[in-house]
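Novice: File follows, start_39.cif with mmCIF, C-alpha atoms:
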```cif
data_coords
loop_
_atom_site.group_PDB
_atom_site.id
_atom_site.type_symbol
_atom_site.label_atom_id
_atom_site.label_comp_id
_atom_site.auth_asym_id
_atom_site.auth_seq_id
_atom_site.Cartn_x
_atom_site.Cartn_y
_atom_site.Cartn_z
ATOM 1 C CA MET A 1116 -61.712 -32.493 -1.775
ATOM 2 C CA THR A 1117 -62.621 -34.151 -5.070
ATOM 3 C CA LEU A 1118 -58.982 -35.087 -5.689
ATOM 4 C CA GLY A 1119 -58.696 -36.657 -2.250
ATOM 5 C CA ALA A 1120 -61.873 -38.699 -2.755
ATOM 6 C CA THR A 1121 -60.626 -39.842 -6.162
ATOM 7 C CA LEU A 1122 -57.274 -40.957 -4.767
ATOM 8 C CA LEU A 1123 -58.960 -42.766 -1.885
ATOM 9 C CA LEU A 1124 -61.332 -44.554 -4.261
ATOM 10 C CA THR A 1125 -58.461 -45.538 -6.558
ATOM 11 C CA TRP A 1126 -56.519 -46.826 -3.573
ATOM 12 C CA ASP A 1127 -59.490 -48.910 -2.395
ATOM 13 C CA LEU A 1128 -60.181 -50.353 -5.850
ATOM 14 C CA THR A 1129 -56.516 -51.234 -6.306
ATOM 15 C CA THR A 1130 -56.355 -53.169 -3.054
ATOM 16 C CA ARG A 1131 -59.669 -54.918 -3.754
ATOM 17 C CA SER A 1132 -58.445 -56.065 -7.155
ATOM 18 C CA GLY A 1133 -55.585 -57.960 -5.570
ATOM 19 C CA SER A 1134 -53.072 -56.594 -8.074
ATOM 20 C CA VAL A 1135 -50.902 -55.244 -5.252
ATOM 21 C CA PRO A 1136 -50.075 -57.441 -2.220
ATOM 22 C CA ALA A 1137 -51.277 -56.088 1.127
ATOM 23 C CA VAL A 1138 -47.699 -56.081 2.432
ATOM 24 C CA PHE A 1139 -46.969 -53.275 -0.042
ATOM 25 C CA LEU A 1140 -50.315 -51.463 -0.020
ATOM 26 C CA PRO A 1141 -52.875 -52.247 2.704
ATOM 27 C CA ALA A 1142 -56.555 -51.433 2.187
ATOM 28 C CA PRO A 1143 -57.818 -48.053 3.433
ATOM 29 C CA THR A 1144 -60.297 -49.767 5.736
ATOM 30 C CA ALA A 1145 -57.474 -51.811 7.289
ATOM 31 C CA VAL A 1146 -55.443 -48.656 7.843
ATOM 32 C CA LEU A 1147 -58.382 -46.853 9.483
ATOM 33 C CA HIS A 1148 -59.111 -49.867 11.677
ATOM 34 C CA ARG A 1149 -55.470 -50.028 12.760
ATOM 35 C CA LEU A 1150 -55.470 -46.299 13.448
ATOM 36 C CA TRP A 1151 -58.580 -46.633 15.600
ATOM 37 C CA LEU A 1152 -57.025 -49.487 17.568
ATOM 38 C CA GLY A 1153 -53.863 -47.448 18.030
ATOM 39 C CA LEU A 1154 -55.805 -44.463 19.338
ATOM 40 C CA THR A 1155 -58.037 -46.458 21.665
ATOM 41 C CA ARG A 1156 -55.800 -49.289 22.845
ATOM 42 C CA ALA A 1157 -52.139 -48.746 21.920
ATOM 43 C CA HIS A 1158 -51.594 -45.255 23.407
ATOM 44 C CA LEU A 1159 -50.894 -43.781 19.969
ATOM 45 C CA LEU A 1160 -51.878 -40.336 21.220
ATOM 46 C CA ASP A 1161 -49.094 -40.531 23.838
ATOM 47 C CA TYR A 1162 -46.540 -41.070 21.073
ATOM 48 C CA ALA A 1163 -48.081 -38.169 19.130
ATOM 49 C CA ALA A 1164 -48.019 -35.890 22.180
ATOM 50 C CA THR A 1165 -44.302 -36.534 22.645
ATOM 51 C CA THR A 1166 -43.541 -35.728 19.004
ATOM 52 C CA LEU A 1167 -45.665 -32.562 19.093
ATOM 53 C CA HIS A 1168 -43.980 -31.456 22.319
ATOM 54 C CA GLU A 1169 -40.520 -31.844 20.758
ATOM 55 C CA ALA A 1170 -41.633 -30.092 17.574
ATOM 56 C CA LEU A 1171 -43.134 -27.196 19.524
ATOM 57 C CA LEU A 1172 -40.005 -26.727 21.641
ATOM 58 C CA GLY A 1173 -37.828 -26.834 18.529
ATOM 59 C CA CYS A 1174 -40.001 -24.300 16.724
ATOM 60 C CA LEU A 1175 -40.050 -21.947 19.719
ATOM 61 C CA LEU A 1176 -36.274 -22.221 20.094
ATOM 62 C CA ALA A 1177 -35.814 -21.396 16.412
ATOM 63 C CA ALA A 1178 -38.246 -18.464 16.690
ATOM 64 C CA ALA A 1179 -36.431 -17.097 19.749
ATOM 65 C CA LEU A 1180 -33.258 -16.933 17.656
ATOM 66 C CA ALA A 1181 -34.783 -16.051 14.290
ATOM 67 C CA LEU A 1182 -36.938 -13.067 15.313
ATOM 68 C CA PRO A 1183 -34.153 -10.865 16.764
ATOM 69 C CA LEU A 1184 -31.824 -11.962 13.963
ATOM 70 C CA ALA A 1185 -34.364 -10.948 11.294
ATOM 71 C CA TRP A 1186 -34.831 -7.555 12.974
ATOM 72 C CA THR A 1187 -31.043 -7.025 13.089
ATOM 73 C CA LEU A 1188 -30.632 -8.112 9.461
ATOM 74 C CA HIS A 1189 -33.316 -5.611 8.468
ATOM 75 C CA HIS A 1190 -31.831 -2.640 10.303
ATOM 76 C CA CYS A 1191 -28.100 -3.317 9.874
ATOM 77 C CA ARG A 1192 -27.171 -3.638 6.214
ATOM 78 C CA LEU A 1193 -23.492 -4.367 6.868
ATOM 79 C CA PHE A 1194 -24.418 -7.141 9.308
ATOM 80 C CA SER A 1195 -26.937 -8.470 6.779
ATOM 81 C CA ARG A 1196 -24.362 -8.661 3.995
ATOM 82 C CA ALA A 1197 -21.902 -10.451 6.243
ATOM 83 C CA THR A 1198 -24.313 -12.866 7.925
ATOM 84 C CA LEU A 1199 -27.186 -13.701 5.567
ATOM 85 C CA PRO A 1200 -25.095 -15.891 3.181
ATOM 86 C CA TYR A 1201 -24.053 -18.087 6.109
ATOM 87 C CA VAL A 1202 -27.628 -18.314 7.384
ATOM 88 C CA ALA A 1203 -28.708 -19.432 3.907
ATOM 89 C CA ALA A 1204 -25.804 -21.882 3.636
ATOM 90 C CA SER A 1205 -27.013 -23.661 6.774
ATOM 91 C CA GLN A 1206 -29.925 -24.998 4.728
ATOM 92 C CA ALA A 1207 -27.533 -26.815 2.409
ATOM 93 C CA VAL A 1208 -26.619 -29.194 5.242
ATOM 94 C CA PRO A 1209 -29.086 -32.136 5.416
ATOM 95 C CA ALA A 1210 -30.657 -32.598 8.817
ATOM 96 C CA ILE A 1211 -29.874 -36.307 8.700
ATOM 97 C CA ALA A 1212 -26.174 -35.386 8.523
ATOM 98 C CA ILE A 1213 -26.416 -33.206 11.644
ATOM 99 C CA ALA A 1214 -28.051 -35.933 13.745
ATOM 100 C CA PRO A 1215 -24.888 -38.036 14.330
ATOM 101 C CA LEU A 1216 -22.979 -34.938 15.431
ATOM 102 C CA LEU A 1217 -25.723 -34.017 17.906
ATOM 103 C CA VAL A 1218 -25.533 -37.530 19.346
ATOM 104 C CA LEU A 1219 -21.757 -37.170 19.797
ATOM 105 C CA TRP A 1220 -22.021 -33.714 21.346
ATOM 106 C CA ILE A 1221 -25.182 -34.103 23.460
ATOM 107 C CA GLY A 1222 -26.200 -37.753 23.494
ATOM 108 C CA TYR A 1223 -29.560 -39.383 22.917
ATOM 109 C CA GLY A 1224 -32.945 -38.152 24.075
ATOM 110 C CA THR A 1225 -35.214 -35.147 23.793
ATOM 111 C CA LEU A 1226 -32.658 -32.306 23.737
ATOM 112 C CA PRO A 1227 -30.852 -33.277 20.503
ATOM 113 C CA VAL A 1228 -34.214 -33.840 18.805
ATOM 114 C CA VAL A 1229 -35.356 -30.344 19.817
ATOM 115 C CA ILE A 1230 -32.096 -28.820 18.551
ATOM 116 C CA LEU A 1231 -32.444 -30.690 15.258
ATOM 117 C CA CYS A 1232 -35.983 -29.314 14.851
ATOM 118 C CA ALA A 1233 -34.726 -25.797 15.565
ATOM 119 C CA PHE A 1234 -31.945 -26.204 13.009
ATOM 120 C CA MET A 1235 -34.428 -27.262 10.339
ATOM 121 C CA VAL A 1236 -36.889 -24.387 10.838
ATOM 122 C CA PHE A 1237 -34.507 -21.562 11.799
ATOM 123 C CA PHE A 1238 -33.883 -20.378 8.234
ATOM 124 C CA PRO A 1239 -37.528 -20.426 6.994
ATOM 125 C CA ILE A 1240 -38.686 -18.366 9.991
ATOM 126 C CA THR A 1241 -35.818 -15.895 9.634
ATOM 127 C CA VAL A 1242 -36.400 -15.305 5.937
ATOM 128 C CA THR A 1243 -40.174 -15.008 6.267
ATOM 129 C CA VAL A 1244 -39.960 -12.435 9.064
ATOM 130 C CA LEU A 1245 -37.203 -10.534 7.235
ATOM 131 C CA LEU A 1246 -39.360 -10.291 4.126
ATOM 132 C CA GLY A 1247 -42.237 -9.104 6.299
ATOM 133 C CA LEU A 1248 -40.092 -6.333 7.762
ATOM 134 C CA ARG A 1249 -38.848 -5.283 4.350
ATOM 135 C CA GLY A 1250 -42.422 -5.137 3.082
ATOM 136 C CA LEU A 1251 -43.675 -2.686 5.713
ATOM 137 C CA ASP A 1252 -45.366 0.454 4.430
ATOM 138 C CA THR A 1253 -42.635 3.124 4.541
ATOM 139 C CA ASP A 1254 -45.217 5.919 4.681
ATOM 140 C CA ILE A 1255 -46.658 4.521 7.912
ATOM 141 C CA ILE A 1256 -43.193 4.011 9.392
ATOM 142 C CA ASP A 1257 -42.163 7.565 8.462
ATOM 143 C CA ALA A 1258 -45.360 8.948 9.995
ATOM 144 C CA ALA A 1259 -44.606 7.052 13.200
ATOM 145 C CA ARG A 1260 -41.103 8.543 13.289
ATOM 146 C CA LEU A 1261 -42.558 12.022 12.935
ATOM 147 C CA ASP A 1262 -44.785 11.252 15.916
ATOM 148 C CA GLY A 1263 -41.701 10.384 17.957
ATOM 149 C CA ALA A 1264 -41.583 6.577 17.627
ATOM 150 C CA HIS A 1265 -38.065 5.156 17.603
ATOM 151 C CA GLY A 1266 -36.124 2.199 18.937
ATOM 152 C CA THR A 1267 -38.185 0.114 21.336
ATOM 153 C CA SER A 1268 -41.392 2.104 20.841
ATOM 154 C CA MET A 1269 -41.138 1.689 17.060
ATOM 155 C CA LEU A 1270 -40.607 -2.060 17.490
ATOM 156 C CA VAL A 1271 -43.388 -2.611 20.028
ATOM 157 C CA TYR A 1272 -46.102 -0.354 18.631
ATOM 158 C CA MET A 1273 -45.422 -0.404 14.878
ATOM 159 C CA GLU A 1274 -43.029 -3.014 13.513
ATOM 160 C CA LEU A 1275 -44.106 -5.975 15.617
ATOM 161 C CA PRO A 1276 -47.885 -5.581 15.129
ATOM 162 C CA MET A 1277 -47.496 -4.886 11.409
ATOM 163 C CA THR A 1278 -45.122 -7.836 10.972
ATOM 164 C CA LEU A 1279 -47.287 -10.231 13.000
ATOM 165 C CA PRO A 1280 -48.820 -11.884 9.888
ATOM 166 C CA ALA A 1281 -45.314 -12.649 8.589
ATOM 167 C CA VAL A 1282 -44.301 -13.992 12.003
ATOM 168 C CA LEU A 1283 -47.330 -16.299 12.041
ATOM 169 C CA THR A 1284 -46.577 -17.407 8.487
ATOM 170 C CA GLY A 1285 -43.050 -18.309 9.538
ATOM 171 C CA LEU A 1286 -44.314 -20.182 12.588
ATOM 172 C CA ARG A 1287 -46.907 -22.007 10.494
ATOM 173 C CA THR A 1288 -44.280 -23.209 8.050
ATOM 174 C CA GLY A 1289 -41.769 -23.817 10.791
ATOM 175 C CA PHE A 1290 -44.024 -25.856 13.069
ATOM 176 C CA THR A 1291 -45.177 -28.088 10.221
ATOM 177 C CA LEU A 1292 -41.565 -28.689 9.213
ATOM 178 C CA SER A 1293 -40.585 -29.123 12.849
ATOM 179 C CA ILE A 1294 -42.880 -32.143 13.133
ATOM 180 C CA THR A 1295 -40.887 -33.755 10.340
ATOM 181 C CA GLY A 1296 -37.686 -32.850 12.158
ATOM 182 C CA ALA A 1297 -38.961 -34.438 15.370
ATOM 183 C CA VAL A 1298 -39.815 -37.687 13.592
ATOM 184 C CA VAL A 1299 -36.442 -37.801 11.822
ATOM 185 C CA GLY A 1300 -34.689 -37.026 15.092
ATOM 186 C CA GLU A 1301 -36.516 -39.774 16.966
ATOM 187 C CA MET A 1302 -35.686 -42.288 14.245
ATOM 188 C CA THR A 1303 -31.968 -41.451 14.370
ATOM 189 C CA MET A 1304 -31.313 -40.215 17.918
ATOM 190 C CA GLY A 1305 -33.849 -42.054 20.018
ATOM 191 C CA GLY A 1306 -37.034 -40.888 21.671
ATOM 192 C CA THR A 1307 -40.488 -42.077 22.640
ATOM 193 C CA GLY A 1308 -42.581 -40.437 19.932
ATOM 194 C CA LEU A 1309 -43.961 -41.352 16.539
ATOM 195 C CA GLY A 1310 -40.456 -41.646 15.060
ATOM 196 C CA LEU A 1311 -39.696 -44.537 17.410
ATOM 197 C CA LEU A 1312 -43.011 -46.145 16.505
ATOM 198 C CA LEU A 1313 -42.286 -45.797 12.776
ATOM 199 C CA SER A 1314 -38.863 -47.409 13.266
ATOM 200 C CA SER A 1315 -40.430 -50.358 15.093
ATOM 201 C CA GLN A 1316 -43.103 -50.788 12.430
ATOM 202 C CA ARG A 1317 -40.503 -50.566 9.664
ATOM 203 C CA ASP A 1318 -38.312 -53.236 11.274
ATOM 204 C CA ALA A 1319 -41.370 -55.486 11.718
ATOM 205 C CA VAL A 1320 -42.472 -54.890 8.090
ATOM 206 C CA ASP A 1321 -45.786 -53.701 9.524
ATOM 207 C CA THR A 1322 -47.053 -51.820 6.469
ATOM 208 C CA THR A 1323 -50.534 -51.280 7.855
ATOM 209 C CA GLY A 1324 -49.066 -49.813 11.025
ATOM 210 C CA LEU A 1325 -46.785 -47.554 9.000
ATOM 211 C CA PHE A 1326 -49.716 -46.260 6.966
ATOM 212 C CA SER A 1327 -51.796 -45.625 10.086
ATOM 213 C CA THR A 1328 -48.986 -43.711 11.813
ATOM 214 C CA ILE A 1329 -48.289 -41.666 8.675
ATOM 215 C CA THR A 1330 -52.023 -40.919 8.413
ATOM 216 C CA LEU A 1331 -51.994 -39.586 11.967
ATOM 217 C CA LEU A 1332 -48.944 -37.439 11.203
ATOM 218 C CA CYS A 1333 -50.620 -35.984 8.119
ATOM 219 C CA THR A 1334 -53.781 -35.256 10.094
ATOM 220 C CA LEU A 1335 -51.854 -33.492 12.850
ATOM 221 C CA ALA A 1336 -49.789 -31.420 10.409
ATOM 222 C CA THR A 1337 -52.872 -30.441 8.387
ATOM 223 C CA THR A 1338 -54.836 -29.444 11.491
ATOM 224 C CA ILE A 1339 -52.002 -27.326 12.867
ATOM 225 C CA HIS A 1340 -51.417 -25.728 9.463
ATOM 226 C CA TRP A 1341 -55.116 -24.861 9.160
ATOM 227 C CA ALA A 1342 -55.314 -23.399 12.686
ATOM 228 C CA LEU A 1343 -52.254 -21.198 12.186
ATOM 229 C CA THR A 1344 -53.524 -20.105 8.763
ATOM 230 C CA GLU A 1345 -56.782 -18.926 10.315
ATOM 231 C CA LEU A 1346 -54.845 -17.074 13.003
ATOM 232 C CA GLU A 1347 -52.669 -15.488 10.332
ATOM 233 C CA HIS A 1348 -55.711 -14.292 8.368
ATOM 234 C CA ARG A 1349 -57.159 -12.667 11.480
ATOM 235 C CA SER A 1350 -53.849 -10.985 12.260
ATOM 236 C CA ARG A 1351 -53.704 -9.565 8.728
ATOM 237 C CA THR A 1352 -57.135 -8.026 9.236
ATOM 238 C CA VAL A 1353 -56.059 -6.448 12.523
ATOM 239 C CA SER A 1354 -52.800 -5.235 10.957
ATOM 240 C CA ALA A 1355 -54.682 -3.628 8.074
ATOM 241 C CA LEU A 1356 -56.982 -1.804 10.492
ATOM 242 C CA ARG A 1357 -54.007 -0.518 12.468
ATOM 243 C CA GLY A 1358 -52.419 0.719 9.258
ATOM 244 C CA ARG A 1359 -55.544 2.640 8.298
ATOM 245 C CA ARG A 1360 -55.739 4.243 11.731
ATOM 246 C CA ALA A 1361 -52.070 5.230 11.550
ATOM 247 C CA THR A 1362 -52.623 7.030 8.247
#
```
Would you give me this structure, written as structure tokens?

Specialist:
Amino acid sequence: MTLGATLLLTWDLTTRSGSVPAVFLPAPTAVLHRLWLGLTRAHLLDYAATTLHEALLGCLLAAALALPLAWTLHHCRLFSRATLPYVAASQAVPAIAIAPLLVLWIGYGTLPVVILCAFMVFFPITVTVLLGLRGLDTDIIDAARLDGAHGTSMLVYMELPMTLPAVLTGLRTGFTLSITGAVVGEMTMGGTGLGLLLSSQRDAVDTTGLFSTITLLCTLATTIHWALTELEHRSRTVSALRGRRAT
């Protein structure tokens, strides 16, 4: 909090001194005023809703693929050795390099943006959930096996609840990153969200508008990150209680 206030004060003093032209660094008050006008008059929330919708769909698509893959990687060592290096190698490909291919294969619009988001967050979710599965208490799992849990019952009643904090951690990281993917996708593949707005403001050299849009993006990402962190903390408490009851 103190660091943020210090940076904001330094920013304000710098712009007031006139040492940096407003075209490069607008005043904080100008940015806030522009943000308020965007929210109240320029339908900025509509742009934000589109970007969040694309990011959410991309994150859910990645989770739908990553969760069963992480479970399979955990239980099948041969499959893990053969597949995990390729899953990791996918992160070496920049998302900006995938965008032109998605345009060629699918075209412009929402679908390629969603797929780009899923591509960006697929690996972080997979790895986080896999680490969560590998970190399960073996004593509790063995006790569940002795009680007759196996296959689907083991997954539903033991592994999934105990891994829920890791799943939420992966979704928290993934959704935050997915917002970035949505913006990048809109700037390169078209769309009607904040990425399109940023492109228009960039082309118009509208620095104040750029700062206000980026401020909104940061606020959205921080709020979502905080909400999912709180949910994760609560799930860890519930998971710990279940573990105590199982032992």

Novice: Applying 12 Å and all atoms listed in the file, which residues near A:Ser1314 remain after dropping the ones on its own chain fewer than 6 positions away? List them as a PyMOL selection string.

Specialist: chain A and resi 1298-1308+1320-1322+1324-1325+1328-1329

Novice: What lies within 10 Å of A:Leu1335 using only C-alpha atoms, ignoring chain neighbours under 4 positions off, as a PyMOL selection string?

Specialist: chain A and resi 1163+1167+1291+1294+1329-1331+1339-1341

Novice: Quick one, how far is atom CA of A:Ile1213 from atom CA of A:Gln1316?

Specialist: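 So the two atoms, atom CA of A:Ile1213 and atom CA of A:Gln1316, lie 24.3 Å apart.
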
Novice: Let me know the residues the PyMOL selection byres ((chain A and resi 1202-1210) around 8) catches in the file above, as a list in words.

Specialist: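 Checked against the file, the PyMOL selection byres ((chain A and resi 1202-1210) around 8) matches Thr1198, Leu1199, Pro1200, Tyr1201, Ile1211, Ala1212, Ile1213, Ala1214, Leu1231, Phe1234, Met1235, Phe1238 and Gly1296 of chain A.
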
Novice: Go ahead and find all residues with at least one atom no further than 8 Å from (-42.9, -21.4, 12.8) in the file's coordinates, using all atoms listed in the file; report them as a ChimeraX atom specification.

Specialist: /A:1174-1175,1177-1178,1236,1239-1240,1282-1291

Novice: Which residues come within 12 Å of A:Leu1226, counting only C-alpha atoms, excluding same-chain residues fewer than 3 positions away, as a PyMOL selection string?

Specialist: chain A and resi 1168-1170+1172-1173+1176+1214+1217-1218+1220-1223+1229-1233+1297+1300-1301+1304-1306

Novice: With distances taken over only C-alpha atoms, which of A:Trp1186, A:Phe1237, A:Tyr1272, A:Phe1326 is nearest to A:Leu1140?

Specialist: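 Closest candidate: A:Phe1326.
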
Novice: If I take atom CA of A:Leu1270 and atom CA of A:Phe1194, how far is one from the other in Å, to one decimal?

Specialist: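 Rounded to one decimal, the two atoms are 18.8 Å apart.
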
Novice: Please identify all polymer residues within 6 Å of stretch 1144-1150 of chain A, counting all atoms listed in the file, omitting same-chain residues fewer than 3 positions from it, and present them as a VMD selection string.

Specialist: chain A and resid 1153 1323 1327

Novice: Using 8 Å of padding on each side, determine the axis-aligned box around all atoms of stretch 1145-1150 of chain A present in the file and give its centre and edge lengths in Å to one decimal, as JSON.

Specialist:
```
{"center_x": -57.3, "center_y": -49.1, "center_z": 10.4, "size_x": 19.7, "size_y": 21.5, "size_z": 22.2}
```

Novice: Report the distance between atom CA of A:Pro1280 and atom CA of A:Gly1119 in Å, rounded to one decimal place.

Specialist: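 Answer for the atom CA of A:Pro1280 to atom CA of A:Gly1119 separation: 29.3 Å.
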
Novice: Rank A:Leu1180, A:Ala1319, A:Met1273, A:Leu1246 by their smallest atom-to-atom distance to A:Val1138, using all atoms listed in the file, and report the top residue only.

Specialist: A:Ala1319
